>>> print(open('entry-v2.cif').read())   # mmCIF, C-alpha atoms and all ligand atoms
data_start
#
loop_
_atom_site.group_PDB
_atom_site.id
_atom_site.type_symbol
_atom_site.label_atom_id
_atom_site.label_comp_id
_atom_site.auth_asym_id
_atom_site.auth_seq_id
_atom_site.Cartn_x
_atom_site.Cartn_y
_atom_site.Cartn_z
ATOM 1 C CA MET A 1 101.974 96.390 107.648
ATOM 2 C CA ALA A 2 100.004 94.942 110.525
ATOM 3 C CA HIS A 3 97.680 92.024 110.020
ATOM 4 C CA PRO A 4 94.108 92.226 111.234
ATOM 5 C CA ALA A 5 93.480 90.410 114.486
ATOM 6 C CA ARG A 6 91.279 87.900 112.654
ATOM 7 C CA LEU A 7 91.081 86.387 109.186
ATOM 8 C CA ARG A 8 87.305 85.878 109.229
ATOM 9 C CA PRO A 9 84.651 87.899 111.005
ATOM 10 C CA ASP A 10 82.213 86.342 113.432
ATOM 11 C CA LEU A 11 79.311 86.000 110.968
ATOM 12 C CA ALA A 12 76.565 86.047 113.570
ATOM 13 C CA LEU A 13 78.005 89.207 115.128
ATOM 14 C CA LEU A 14 78.448 90.807 111.718
ATOM 15 C CA ARG A 15 74.853 90.085 110.750
ATOM 16 C CA ALA A 16 73.602 91.398 114.087
ATOM 17 C CA GLY A 17 75.199 94.780 113.381
ATOM 18 C CA LEU A 18 73.669 95.099 109.903
ATOM 19 C CA PRO A 19 70.220 95.990 108.581
ATOM 20 C CA ALA A 20 67.969 93.263 107.129
ATOM 21 C CA THR A 21 69.342 93.695 103.609
ATOM 22 C CA PRO A 22 72.893 94.983 103.949
ATOM 23 C CA ARG A 23 74.630 96.626 101.025
ATOM 24 C CA THR A 24 78.330 96.419 100.287
ATOM 25 C CA ARG A 25 80.427 97.469 97.308
ATOM 26 C CA PHE A 26 83.392 96.529 95.147
ATOM 27 C CA ALA A 27 85.071 99.780 94.166
ATOM 28 C CA PRO A 28 88.059 99.480 91.832
ATOM 29 C CA ALA A 29 89.805 102.536 90.391
ATOM 30 C CA PRO A 30 90.523 102.276 86.653
ATOM 31 C CA THR A 31 94.076 103.538 87.054
ATOM 32 C CA GLY A 32 95.559 100.195 86.030
ATOM 33 C CA ALA A 33 94.667 96.573 85.499
ATOM 34 C CA LEU A 34 93.196 94.214 88.078
ATOM 35 C CA HIS A 35 95.727 92.108 89.960
ATOM 36 C CA LEU A 36 95.593 89.465 92.669
ATOM 37 C CA GLY A 37 95.256 92.180 95.335
ATOM 38 C CA HIS A 38 91.913 93.227 93.828
ATOM 39 C CA ILE A 39 90.885 89.594 93.607
ATOM 40 C CA ALA A 40 91.648 89.185 97.301
ATOM 41 C CA ASN A 41 89.303 92.103 98.025
ATOM 42 C CA ALA A 42 86.661 90.673 95.680
ATOM 43 C CA ILE A 43 86.794 87.353 97.575
ATOM 44 C CA TYR A 44 86.035 89.146 100.835
ATOM 45 C CA VAL A 45 83.337 91.319 99.251
ATOM 46 C CA TRP A 46 81.434 88.586 97.401
ATOM 47 C CA GLY A 47 82.159 85.869 99.934
ATOM 48 C CA LEU A 48 80.895 87.887 102.901
ATOM 49 C CA ALA A 49 78.028 89.419 100.942
ATOM 50 C CA ARG A 50 76.745 85.973 100.052
ATOM 51 C CA ALA A 51 77.373 84.602 103.537
ATOM 52 C CA ALA A 52 75.668 87.594 105.215
ATOM 53 C CA GLY A 53 72.867 88.113 102.681
ATOM 54 C CA ALA A 54 74.205 91.461 101.431
ATOM 55 C CA ARG A 55 73.823 93.004 97.990
ATOM 56 C CA VAL A 56 76.970 93.971 96.082
ATOM 57 C CA LEU A 57 77.166 97.266 94.241
ATOM 58 C CA LEU A 58 79.912 97.768 91.660
ATOM 59 C CA ARG A 59 81.368 101.278 91.809
ATOM 60 C CA ILE A 60 83.919 102.585 89.333
ATOM 61 C CA GLU A 61 86.135 104.977 91.293
ATOM 62 C CA ASP A 62 87.393 107.197 88.512
ATOM 63 C CA HIS A 63 87.368 110.461 90.482
ATOM 64 C CA ASP A 64 90.953 111.207 89.430
ATOM 65 C CA ARG A 65 90.459 112.124 85.799
ATOM 66 C CA GLN A 66 94.182 112.468 85.079
ATOM 67 C CA ARG A 67 95.055 108.957 86.233
ATOM 68 C CA CYS A 68 91.991 106.998 85.144
ATOM 69 C CA GLN A 69 91.565 105.667 81.621
ATOM 70 C CA PRO A 70 88.518 104.228 79.831
ATOM 71 C CA ALA A 71 90.728 101.392 78.541
ATOM 72 C CA TYR A 72 91.402 100.302 82.135
ATOM 73 C CA GLU A 73 87.690 100.468 82.901
ATOM 74 C CA HIS A 74 86.860 98.272 79.881
ATOM 75 C CA ALA A 75 89.552 95.798 80.901
ATOM 76 C CA LEU A 76 88.442 95.587 84.506
ATOM 77 C CA LEU A 77 84.781 95.110 83.554
ATOM 78 C CA GLU A 78 85.803 92.333 81.235
ATOM 79 C CA ASP A 79 88.013 90.698 83.877
ATOM 80 C CA LEU A 80 85.189 90.813 86.421
ATOM 81 C CA GLU A 81 82.836 89.162 83.981
ATOM 82 C CA TRP A 82 85.439 86.489 83.305
ATOM 83 C CA LEU A 83 85.897 85.865 87.027
ATOM 84 C CA GLY A 84 82.168 85.181 87.363
ATOM 85 C CA LEU A 85 81.452 87.661 90.141
ATOM 86 C CA PRO A 86 78.304 89.553 89.107
ATOM 87 C CA ALA A 87 77.263 92.723 90.950
ATOM 88 C CA ASP A 88 73.650 93.079 92.079
ATOM 89 C CA GLU A 89 73.669 96.818 91.399
ATOM 90 C CA PHE A 90 75.333 98.578 88.507
ATOM 91 C CA PRO A 91 76.496 95.311 86.953
ATOM 92 C CA VAL A 92 79.009 95.309 84.126
ATOM 93 C CA SER A 93 76.247 95.495 81.482
ATOM 94 C CA VAL A 94 74.950 98.789 82.910
ATOM 95 C CA TYR A 95 78.393 100.440 82.741
ATOM 96 C CA ARG A 96 78.694 99.357 79.141
ATOM 97 C CA GLU A 97 75.544 101.298 78.226
ATOM 98 C CA GLY A 98 77.124 104.678 78.997
ATOM 99 C CA PRO A 99 76.616 107.110 81.892
ATOM 100 C CA CYS A 100 75.946 105.221 85.113
ATOM 101 C CA ALA A 101 75.090 106.371 88.632
ATOM 102 C CA GLY A 102 77.773 104.043 89.982
ATOM 103 C CA ARG A 103 80.635 105.684 88.102
ATOM 104 C CA GLN A 104 82.202 108.543 90.033
ATOM 105 C CA SER A 105 82.874 110.682 86.955
ATOM 106 C CA ASP A 106 79.101 110.614 86.335
ATOM 107 C CA ARG A 107 78.345 111.878 89.840
ATOM 108 C CA ASP A 108 79.573 115.452 89.749
ATOM 109 C CA ALA A 109 76.105 116.814 90.673
ATOM 110 C CA GLN A 110 76.003 114.686 93.837
ATOM 111 C CA TYR A 111 79.474 115.817 94.924
ATOM 112 C CA ARG A 112 78.638 119.463 94.215
ATOM 113 C CA ALA A 113 75.480 119.225 96.299
ATOM 114 C CA ALA A 114 77.391 117.618 99.167
ATOM 115 C CA ALA A 115 80.129 120.264 98.949
ATOM 116 C CA ALA A 116 77.456 123.001 98.939
ATOM 117 C CA LYS A 117 76.046 121.588 102.172
ATOM 118 C CA LEU A 118 79.485 121.689 103.828
ATOM 119 C CA ALA A 119 80.134 125.184 102.461
ATOM 120 C CA GLY A 120 76.742 126.343 103.776
ATOM 121 C CA ASP A 121 77.776 125.111 107.204
ATOM 122 C CA GLY A 122 80.983 127.158 106.991
ATOM 123 C CA LEU A 123 83.161 124.069 106.792
ATOM 124 C CA LEU A 124 84.942 124.649 103.465
ATOM 125 C CA PHE A 125 87.728 127.012 102.559
ATOM 126 C CA ALA A 126 89.738 127.572 99.410
ATOM 127 C CA CYS A 127 93.413 126.644 99.288
ATOM 128 C CA ASP A 128 95.753 127.842 96.562
ATOM 129 C CA CYS A 129 98.842 126.046 97.875
ATOM 130 C CA SER A 130 101.003 124.578 95.175
ATOM 131 C CA ARG A 131 102.414 121.116 95.638
ATOM 132 C CA ARG A 132 105.693 122.746 96.616
ATOM 133 C CA ASP A 133 103.985 124.920 99.293
ATOM 134 C CA LEU A 134 102.323 121.830 100.679
ATOM 135 C CA GLU A 135 105.483 119.791 100.783
ATOM 136 C CA ALA A 136 107.295 122.639 102.505
ATOM 137 C CA THR A 137 104.667 123.059 105.217
ATOM 138 C CA MET A 138 103.316 119.556 105.655
ATOM 139 C CA ARG A 139 104.631 117.458 108.455
ATOM 140 C CA SER A 140 104.599 113.725 108.808
ATOM 141 C CA ASP A 141 102.326 112.353 111.450
ATOM 142 C CA ALA A 142 104.818 110.367 113.469
ATOM 143 C CA ALA A 143 101.997 108.629 115.349
ATOM 144 C CA SER A 144 100.602 107.078 112.219
ATOM 145 C CA ASP A 145 102.022 103.912 110.677
ATOM 146 C CA ASP A 146 101.987 105.176 107.149
ATOM 147 C CA ARG A 147 103.537 108.556 108.031
ATOM 148 C CA GLU A 148 101.041 110.456 106.003
ATOM 149 C CA LEU A 149 101.302 114.167 105.321
ATOM 150 C CA HIS A 150 99.405 116.620 107.469
ATOM 151 C CA TYR A 151 98.038 119.905 106.111
ATOM 152 C CA ALA A 152 99.423 122.718 108.216
ATOM 153 C CA GLY A 153 96.523 125.140 107.657
ATOM 154 C CA ARG A 154 98.274 127.779 105.541
ATOM 155 C CA CYS A 155 95.068 128.906 103.758
ATOM 156 C CA ARG A 156 92.613 128.205 106.574
ATOM 157 C CA GLU A 157 92.003 131.840 107.582
ATOM 158 C CA ARG A 158 92.858 133.565 104.301
ATOM 159 C CA GLY A 159 89.241 133.803 103.130
ATOM 160 C CA LEU A 160 90.006 133.057 99.482
ATOM 161 C CA PRO A 161 86.891 132.657 97.326
ATOM 162 C CA LEU A 162 85.756 129.066 96.773
ATOM 163 C CA GLU A 163 85.941 128.886 93.022
ATOM 164 C CA GLU A 164 87.349 126.859 90.162
ATOM 165 C CA GLY A 165 91.133 126.598 89.895
ATOM 166 C CA VAL A 166 91.787 126.350 93.632
ATOM 167 C CA GLY A 167 91.641 123.421 96.031
ATOM 168 C CA TRP A 168 88.684 123.073 98.385
ATOM 169 C CA ARG A 169 89.369 121.887 101.912
ATOM 170 C CA MET A 170 87.131 120.850 104.767
ATOM 171 C CA ARG A 171 87.955 122.168 108.232
ATOM 172 C CA MET A 172 88.802 119.196 110.399
ATOM 173 C CA ALA A 173 87.859 119.957 113.982
ATOM 174 C CA PRO A 174 89.738 118.124 116.738
ATOM 175 C CA GLY A 175 88.161 115.044 118.256
ATOM 176 C CA GLU A 176 88.257 111.300 118.011
ATOM 177 C CA GLU A 177 86.438 108.987 115.641
ATOM 178 C CA THR A 178 85.921 105.505 117.007
ATOM 179 C CA PHE A 179 84.534 102.396 115.386
ATOM 180 C CA GLU A 180 84.544 98.657 115.807
ATOM 181 C CA ASP A 181 86.243 97.004 112.835
ATOM 182 C CA ALA A 182 84.888 93.508 112.131
ATOM 183 C CA LEU A 183 88.424 92.085 111.840
ATOM 184 C CA CYS A 184 90.691 94.609 113.562
ATOM 185 C CA GLY A 185 88.568 95.391 116.609
ATOM 186 C CA ARG A 186 88.125 98.771 118.300
ATOM 187 C CA GLN A 187 89.754 101.686 116.456
ATOM 188 C CA ARG A 188 90.393 105.248 117.599
ATOM 189 C CA GLN A 189 91.474 107.836 115.071
ATOM 190 C CA THR A 190 92.075 111.577 115.249
ATOM 191 C CA PRO A 191 91.728 112.973 111.708
ATOM 192 C CA ALA A 192 92.700 116.518 112.763
ATOM 193 C CA GLN A 193 96.074 115.137 113.824
ATOM 194 C CA GLN A 194 96.420 112.590 111.034
ATOM 195 C CA CYS A 195 95.624 114.646 107.949
ATOM 196 C CA GLY A 196 94.335 118.021 109.150
ATOM 197 C CA ASP A 197 91.944 120.002 106.933
ATOM 198 C CA LEU A 198 91.003 117.561 104.231
ATOM 199 C CA LEU A 199 91.215 118.232 100.509
ATOM 200 C CA ILE A 200 87.826 117.484 98.989
ATOM 201 C CA ARG A 201 88.444 118.867 95.500
ATOM 202 C CA ASP A 202 91.766 119.663 93.871
ATOM 203 C CA ARG A 203 92.799 122.625 91.710
ATOM 204 C CA LEU A 204 91.980 120.652 88.565
ATOM 205 C CA GLY A 205 88.419 119.981 89.732
ATOM 206 C CA ASN A 206 88.949 116.344 90.741
ATOM 207 C CA TRP A 207 86.936 115.301 93.782
ATOM 208 C CA SER A 208 89.230 113.631 96.286
ATOM 209 C CA TYR A 209 88.999 109.934 97.093
ATOM 210 C CA GLN A 210 88.090 110.578 100.744
ATOM 211 C CA PHE A 211 85.223 112.899 99.867
ATOM 212 C CA ALA A 212 83.822 110.987 96.888
ATOM 213 C CA VAL A 213 83.838 107.685 98.758
ATOM 214 C CA ALA A 214 82.151 109.129 101.862
ATOM 215 C CA VAL A 215 79.450 110.787 99.711
ATOM 216 C CA ASP A 216 78.898 107.621 97.678
ATOM 217 C CA ASP A 217 78.809 105.256 100.661
ATOM 218 C CA PHE A 218 76.198 107.580 102.231
ATOM 219 C CA LEU A 219 74.002 108.243 99.183
ATOM 220 C CA GLN A 220 74.204 104.667 97.896
ATOM 221 C CA ASP A 221 73.227 103.427 101.359
ATOM 222 C CA ILE A 222 76.300 101.231 101.756
ATOM 223 C CA THR A 223 76.027 99.624 105.175
ATOM 224 C CA LEU A 224 79.056 97.304 104.983
ATOM 225 C CA VAL A 225 82.447 98.540 103.766
ATOM 226 C CA ILE A 226 84.925 95.737 103.020
ATOM 227 C CA ARG A 227 88.405 96.799 101.964
ATOM 228 C CA GLY A 228 92.115 96.318 102.562
ATOM 229 C CA LEU A 229 94.065 97.321 105.623
ATOM 230 C CA ASP A 230 95.848 100.053 103.633
ATOM 231 C CA LEU A 231 92.665 102.130 103.959
ATOM 232 C CA LEU A 232 92.159 101.668 107.693
ATOM 233 C CA ALA A 233 93.563 105.130 108.504
ATOM 234 C CA SER A 234 91.067 106.743 106.092
ATOM 235 C CA THR A 235 88.033 105.477 107.919
ATOM 236 C CA GLY A 236 87.907 108.058 110.703
ATOM 237 C CA ARG A 237 87.890 110.959 108.284
ATOM 238 C CA GLN A 238 85.272 109.273 106.107
ATOM 239 C CA LEU A 239 83.088 108.768 109.194
ATOM 240 C CA ARG A 240 83.539 112.470 109.977
ATOM 241 C CA ILE A 241 82.637 113.630 106.453
ATOM 242 C CA ALA A 242 79.562 111.398 106.374
ATOM 243 C CA ARG A 243 78.321 112.660 109.724
ATOM 244 C CA LEU A 244 78.795 116.287 108.678
ATOM 245 C CA LEU A 245 76.768 115.503 105.559
ATOM 246 C CA GLY A 246 73.957 114.204 107.740
ATOM 247 C CA ARG A 247 74.512 110.458 107.752
ATOM 248 C CA ALA A 248 72.951 109.196 110.965
ATOM 249 C CA ALA A 249 74.126 105.567 111.079
ATOM 250 C CA PRO A 250 77.663 104.803 109.893
ATOM 251 C CA PRO A 251 78.401 101.633 107.936
ATOM 252 C CA VAL A 252 80.074 98.614 109.474
ATOM 253 C CA PHE A 253 83.749 98.466 108.437
ATOM 254 C CA LEU A 254 85.914 95.440 107.790
ATOM 255 C CA HIS A 255 89.565 95.894 106.801
ATOM 256 C CA HIS A 256 91.251 92.704 105.644
ATOM 257 C CA GLY A 257 94.913 91.752 105.196
ATOM 258 C CA LEU A 258 96.744 92.610 101.980
ATOM 259 C CA LEU A 259 98.628 90.381 99.601
ATOM 260 C CA MET A 260 102.240 91.412 99.860
ATOM 261 C CA GLN A 261 104.945 91.619 97.226
ATOM 262 C CA SER A 262 107.565 91.578 99.961
ATOM 263 C CA PRO A 263 107.263 91.895 103.742
ATOM 264 C CA THR A 264 106.887 95.692 103.472
ATOM 265 C CA GLN A 265 105.451 96.229 99.988
ATOM 266 C CA LYS A 266 101.853 95.466 99.032
ATOM 267 C CA LEU A 267 101.079 94.110 95.569
ATOM 268 C CA SER A 268 100.594 96.878 93.053
ATOM 269 C CA LYS A 269 99.416 97.417 89.526
ATOM 270 C CA ALA A 270 103.037 97.490 88.439
ATOM 271 C CA ASP A 271 103.607 93.828 89.318
ATOM 272 C CA GLY A 272 102.788 92.189 86.015
ATOM 273 C CA ALA A 273 103.302 88.737 87.474
ATOM 274 C CA THR A 274 100.066 88.996 89.435
ATOM 275 C CA GLY A 275 97.964 90.806 86.815
ATOM 276 C CA VAL A 276 94.712 89.057 85.951
ATOM 277 C CA ARG A 277 95.396 89.744 82.268
ATOM 278 C CA GLU A 278 98.810 88.113 82.432
ATOM 279 C CA LEU A 279 97.493 85.106 84.330
ATOM 280 C CA ARG A 280 94.688 84.673 81.790
ATOM 281 C CA ALA A 281 97.183 84.887 78.940
ATOM 282 C CA ALA A 282 99.272 82.224 80.654
ATOM 283 C CA GLY A 283 96.266 79.897 80.620
ATOM 284 C CA TRP A 284 94.972 80.268 84.181
ATOM 285 C CA THR A 285 91.258 79.606 84.667
ATOM 286 C CA ALA A 286 89.079 81.891 86.800
ATOM 287 C CA PRO A 287 88.810 79.280 89.619
ATOM 288 C CA ARG A 288 92.592 78.976 89.642
ATOM 289 C CA VAL A 289 92.966 82.760 90.034
ATOM 290 C CA LEU A 290 90.372 82.841 92.837
ATOM 291 C CA GLY A 291 91.976 79.833 94.531
ATOM 292 C CA GLU A 292 95.430 81.387 94.387
ATOM 293 C CA ALA A 293 94.224 84.659 95.931
ATOM 294 C CA ALA A 294 92.250 82.827 98.647
ATOM 295 C CA HIS A 295 95.324 80.767 99.462
ATOM 296 C CA ARG A 296 97.623 83.792 99.646
ATOM 297 C CA LEU A 297 95.138 85.421 102.015
ATOM 298 C CA GLY A 298 95.295 82.344 104.228
ATOM 299 C CA LEU A 299 91.610 81.559 103.639
ATOM 300 C CA GLN A 300 92.381 78.144 102.165
ATOM 301 C CA ALA A 301 95.297 75.845 102.939
ATOM 302 C CA ALA A 302 96.272 75.059 99.339
ATOM 303 C CA PRO A 303 96.064 77.079 96.109
ATOM 304 C CA SER A 304 93.392 74.702 94.789
ATOM 305 C CA PRO A 305 90.826 76.009 92.280
ATOM 306 C CA LEU A 306 87.902 77.879 93.827
ATOM 307 C CA ALA A 307 84.657 78.333 91.904
ATOM 308 C CA ALA A 308 83.167 81.833 92.042
ATOM 309 C CA ASP A 309 79.977 80.514 93.622
ATOM 310 C CA ALA A 310 82.008 78.802 96.369
ATOM 311 C CA VAL A 311 83.733 81.922 97.744
ATOM 312 C CA GLU A 312 81.114 82.235 100.471
ATOM 313 C CA GLN A 313 82.158 78.818 101.810
ATOM 314 C CA LEU A 314 85.439 80.421 102.903
ATOM 315 C CA PHE A 315 83.502 82.423 105.501
ATOM 316 C CA ARG A 316 81.026 79.879 106.842
HETATM 317 N N1 LIG B 1 89.059 102.649 94.915
HETATM 318 C C1 LIG B 1 89.819 102.169 96.017
HETATM 319 C C2 LIG B 1 90.900 101.237 95.495
HETATM 320 O O1 LIG B 1 90.815 100.761 94.380
HETATM 321 C C3 LIG B 1 88.976 101.416 97.024
HETATM 322 C C4 LIG B 1 88.316 102.373 97.922
HETATM 323 C C5 LIG B 1 87.490 101.809 99.043
HETATM 324 O O2 LIG B 1 87.191 100.610 99.061
HETATM 325 O O3 LIG B 1 87.111 102.607 99.885
HETATM 326 O O4 LIG B 1 91.828 100.991 96.228
#
>>> encode(input="entry-v2.cif", output="C-alpha cells")
Amino acid sequence: MAHPARLRPDLALLRAGLPATPRTRFAPAPTGALHLGHIANAIYVWGLARAAGARVLLRIEDHDRQRCQPAYEHALLEDLEWLGLPADEFPVSVYREGPCAGRQSDRDAQYRAAAAKLAGDGLLFACDCSRRDLEATMRSDAASDDRELHYAGRCRERGLPLEEGVGWRMRMAPGEETFEDALCGRQRQTPAQQCGDLLIRDRLGNWSYQFAVAVDDFLQDITLVIRGLDLLASTGRQLRIARLLGRAAPPVFLHHGLLMQSPTQKLSKADGATGVRELRAAGWTAPRVLGEAAHRLGLQAAPSPLAADAVEQLFR
C-alpha cells in the first residue's frame, strides 16, 4: 500500500482550512480488540486535535450488528481509558450509561431520516441480489489499487419496493469527486466507476459503513476526518452521499500511513502480538504502547515511552 506523501500535515495550512473550533472523531468498530493499528490512528487523532485546537468525539461504529459484540465495546472503552486519551464528546463514561447518540446502533432514526431524504429525491432503489448474484455480476475495478467490487446495476431499473428484507442502494451518478488530502495531496475519485450504486442498508437491516459514516460526520458536524490510508478510496463516495444529503461544506480529510504486518498486509485484529490487551498483560505501560505505535509510524526515532498528553508534540 502506498504511503502518504507526508508524515505530518502543515499545521498552519490545516488550521487555515478549518473552522474556529474544529471537530474530529475516533471511530473504532467493536468487531475485535484494539491493536497497535488503532493506537496509531488515535495518536494522529488526539495529537492533531490538540495541536490544531479541535475537539475529539468518540464514535462507536457498531453498524454491523452481526459482527459487533458488546464485549468488544466494553474492552475497547476500557483500553481507551487505560491509554489516557479522553474524548471531549461522548466520553467513555457516557457510553457506559446506556444508549448514546455517538453509538451507531442507537442512531437508527437518523439513518432512516437520511435514507428517506435520498428516497424522496428518487436516489434509492431496492436490490434483492444474493451474495452469489453479486459475485457473479460484480467486476473488479482494475483502476483501483484495492481491486474492489463494482455493482453492475442488476436491480437498478427493476422497481422493487423499498422494504425490509431487501438491500437498499443509492444511485451513483457519473462524475468526479475531488478533495485535497492533508497528507496525500490532491485526490480525484470516480465512485460510479469504483463501486457503482452504493449499498446503504443490507438485507438484514444493517446500515452500511459508507452511509452511516457520511450521515454521522454530517450530523455530528465533523470538520476534520483523520483515518488510515485503507479508507482513502471511500472518501469520494462519502463526499457524494453527504452532498446529496445537503451538507454544504465537506470536512477536511487526512489519511495517514498504516502499521504493516508485512509489506503487503496491514495489522489486523487477528494479530494477537499487537493487541493492546496482550501488551497490557505482558506488562507494557500505556506510554510504552503509545511510544511503540508512534515509532512504527515514523513519528519518533526510537520506541521510547510517550505520555498521552505529549502526543501533540509529535505534530508541532
Ligand atoms: N470504523 C472504522 C474502523 O474502525 C473507521 C471509520 C472511519 O474512520 O471513517 O476502521
>>> residues_near_point(input="entry-v2.cif", point="(85.2, 85.9, 110.7)", cutoff="9 Å", atoms="all atoms listed in the file", output="mmCIF file with C-alpha atoms, keeping the file's coordinate frame")
data_model
loop_
_atom_site.group_PDB
_atom_site.id
_atom_site.type_symbol
_atom_site.label_atom_id
_atom_site.label_comp_id
_atom_site.auth_asym_id
_atom_site.auth_seq_id
_atom_site.Cartn_x
_atom_site.Cartn_y
_atom_site.Cartn_z
ATOM 1 C CA ARG A 6 91.279 87.900 112.654
ATOM 2 C CA LEU A 7 91.081 86.387 109.186
ATOM 3 C CA ARG A 8 87.305 85.878 109.229
ATOM 4 C CA PRO A 9 84.651 87.899 111.005
ATOM 5 C CA ASP A 10 82.213 86.342 113.432
ATOM 6 C CA LEU A 11 79.311 86.000 110.968
ATOM 7 C CA LEU A 14 78.448 90.807 111.718
ATOM 8 C CA ALA A 182 84.888 93.508 112.131
ATOM 9 C CA LEU A 183 88.424 92.085 111.840
ATOM 10 C CA PHE A 315 83.502 82.423 105.501
ATOM 11 C CA ARG A 316 81.026 79.879 106.842
#
>>> residues_near_ligand(input="entry-v2.cif", ligand="ligand LIG 1 (chain B)", cutoff="9 Å", atoms="only C-alpha atoms and all ligand atoms", output="list of chain:residue names")
A:Arg25, A:Phe26, A:Ala27, A:Pro28, A:Ala29, A:Pro30, A:Thr31, A:His38, A:Asn41, A:Arg59, A:Ile60, A:Glu61, A:Asp62, A:Tyr209, A:Gln210, A:Val213, A:Ala214, A:Asp217, A:Val225, A:Ile226, A:Arg227, A:Gly228, A:Asp230, A:Leu231, A:Ser234, A:Thr235
>>> resolve_selection(input="entry-v2.cif", expression="the PyMOL selection byres (((chain A and resi 71-75) around 10) and not hetatm)", output="PDB file with C-alpha atoms, keeping the file's coordinate frame")
ATOM      1  CA  PRO A  28      88.059  99.480  91.832  1.00  0.00           C
ATOM      2  CA  ALA A  29      89.805 102.536  90.391  1.00  0.00           C
ATOM      3  CA  PRO A  30      90.523 102.276  86.653  1.00  0.00           C
ATOM      4  CA  THR A  31      94.076 103.538  87.054  1.00  0.00           C
ATOM      5  CA  GLY A  32      95.559 100.195  86.030  1.00  0.00           C
ATOM      6  CA  ALA A  33      94.667  96.573  85.499  1.00  0.00           C
ATOM      7  CA  LEU A  34      93.196  94.214  88.078  1.00  0.00           C
ATOM      8  CA  ILE A  60      83.919 102.585  89.333  1.00  0.00           C
ATOM      9  CA  GLU A  61      86.135 104.977  91.293  1.00  0.00           C
ATOM     10  CA  ASP A  62      87.393 107.197  88.512  1.00  0.00           C
ATOM     11  CA  CYS A  68      91.991 106.998  85.144  1.00  0.00           C
ATOM     12  CA  GLN A  69      91.565 105.667  81.621  1.00  0.00           C
ATOM     13  CA  PRO A  70      88.518 104.228  79.831  1.00  0.00           C
ATOM     14  CA  LEU A  76      88.442  95.587  84.506  1.00  0.00           C
ATOM     15  CA  LEU A  77      84.781  95.110  83.554  1.00  0.00           C
ATOM     16  CA  GLU A  78      85.803  92.333  81.235  1.00  0.00           C
ATOM     17  CA  ASP A  79      88.013  90.698  83.877  1.00  0.00           C
ATOM     18  CA  LEU A  80      85.189  90.813  86.421  1.00  0.00           C
ATOM     19  CA  GLU A  81      82.836  89.162  83.981  1.00  0.00           C
ATOM     20  CA  VAL A  92      79.009  95.309  84.126  1.00  0.00           C
ATOM     21  CA  TYR A  95      78.393 100.440  82.741  1.00  0.00           C
ATOM     22  CA  ARG A  96      78.694  99.357  79.141  1.00  0.00           C
ATOM     23  CA  VAL A 276      94.712  89.057  85.951  1.00  0.00           C
ATOM     24  CA  ARG A 277      95.396  89.744  82.268  1.00  0.00           C
TER      25      ARG A 277
END
>>> atom_distance(input="entry-v2.cif", atom1="atom CA of Asp181 of chain A", atom2="atom CA of Ala152 of chain A")
29.3 Å
>>> atom_distance(input="entry-v2.cif", atom1="atom CA of Asp106 of chain A", atom2="atom CA of Val94 of chain A")
13.0 Å
>>> residues_around(input="entry-v2.cif", residues="Ser304 of chain A", least_positions_apart="5", cutoff="10 Å", atoms="all atoms listed in the file", output="number ranges by chain")
A: 287-292, 294-295
>>> atom_distance(input="entry-v2.cif", atom1="atom CA of Leu124 of chain A", atom2="atom CA of Gly102 of chain A")
25.6 Å
>>> residues_near_point(input="entry-v2.cif", point="(82.4, 83.2, 86.5)", cutoff="10 Å", atoms="all atoms listed in the file", output="NGL selection string")
:A and (79-86 or 285-287 or 307-309)
>>> closest_residue(input="entry-v2.cif", among="A:Ala16, A:Arg171, A:Asn206, A:Ala233", to="Gln194 of chain A", atoms="all atoms listed in the file")
A:Ala233
>>> resolve_selection(input="entry-v2.cif", expression="the PyMOL selection byres (((chain A and resi 55) around 7) and not hetatm)", output="PyMOL selection string")
chain A and resi 22-24+49+53-54+56-57+88
>>> closest_atom_pairs(input="entry-v2.cif", of="segment 38-120 of chain A", to="segment 196-201 of chain A", cutoff="10 Å", atoms="all atoms listed in the file", output="Markdown table")
| residue | atom | partner | partner_atom | distance |
| --- | --- | --- | --- | --- |
| A:His63 | CA | A:Arg201 | CA | 9.8 |
| A:Tyr111 | CA | A:Ile200 | CA | 9.4 |
| A:Arg112 | CA | A:Arg201 | CA | 9.9 |
| A:Ala115 | CA | A:Ile200 | CA | 8.2 |
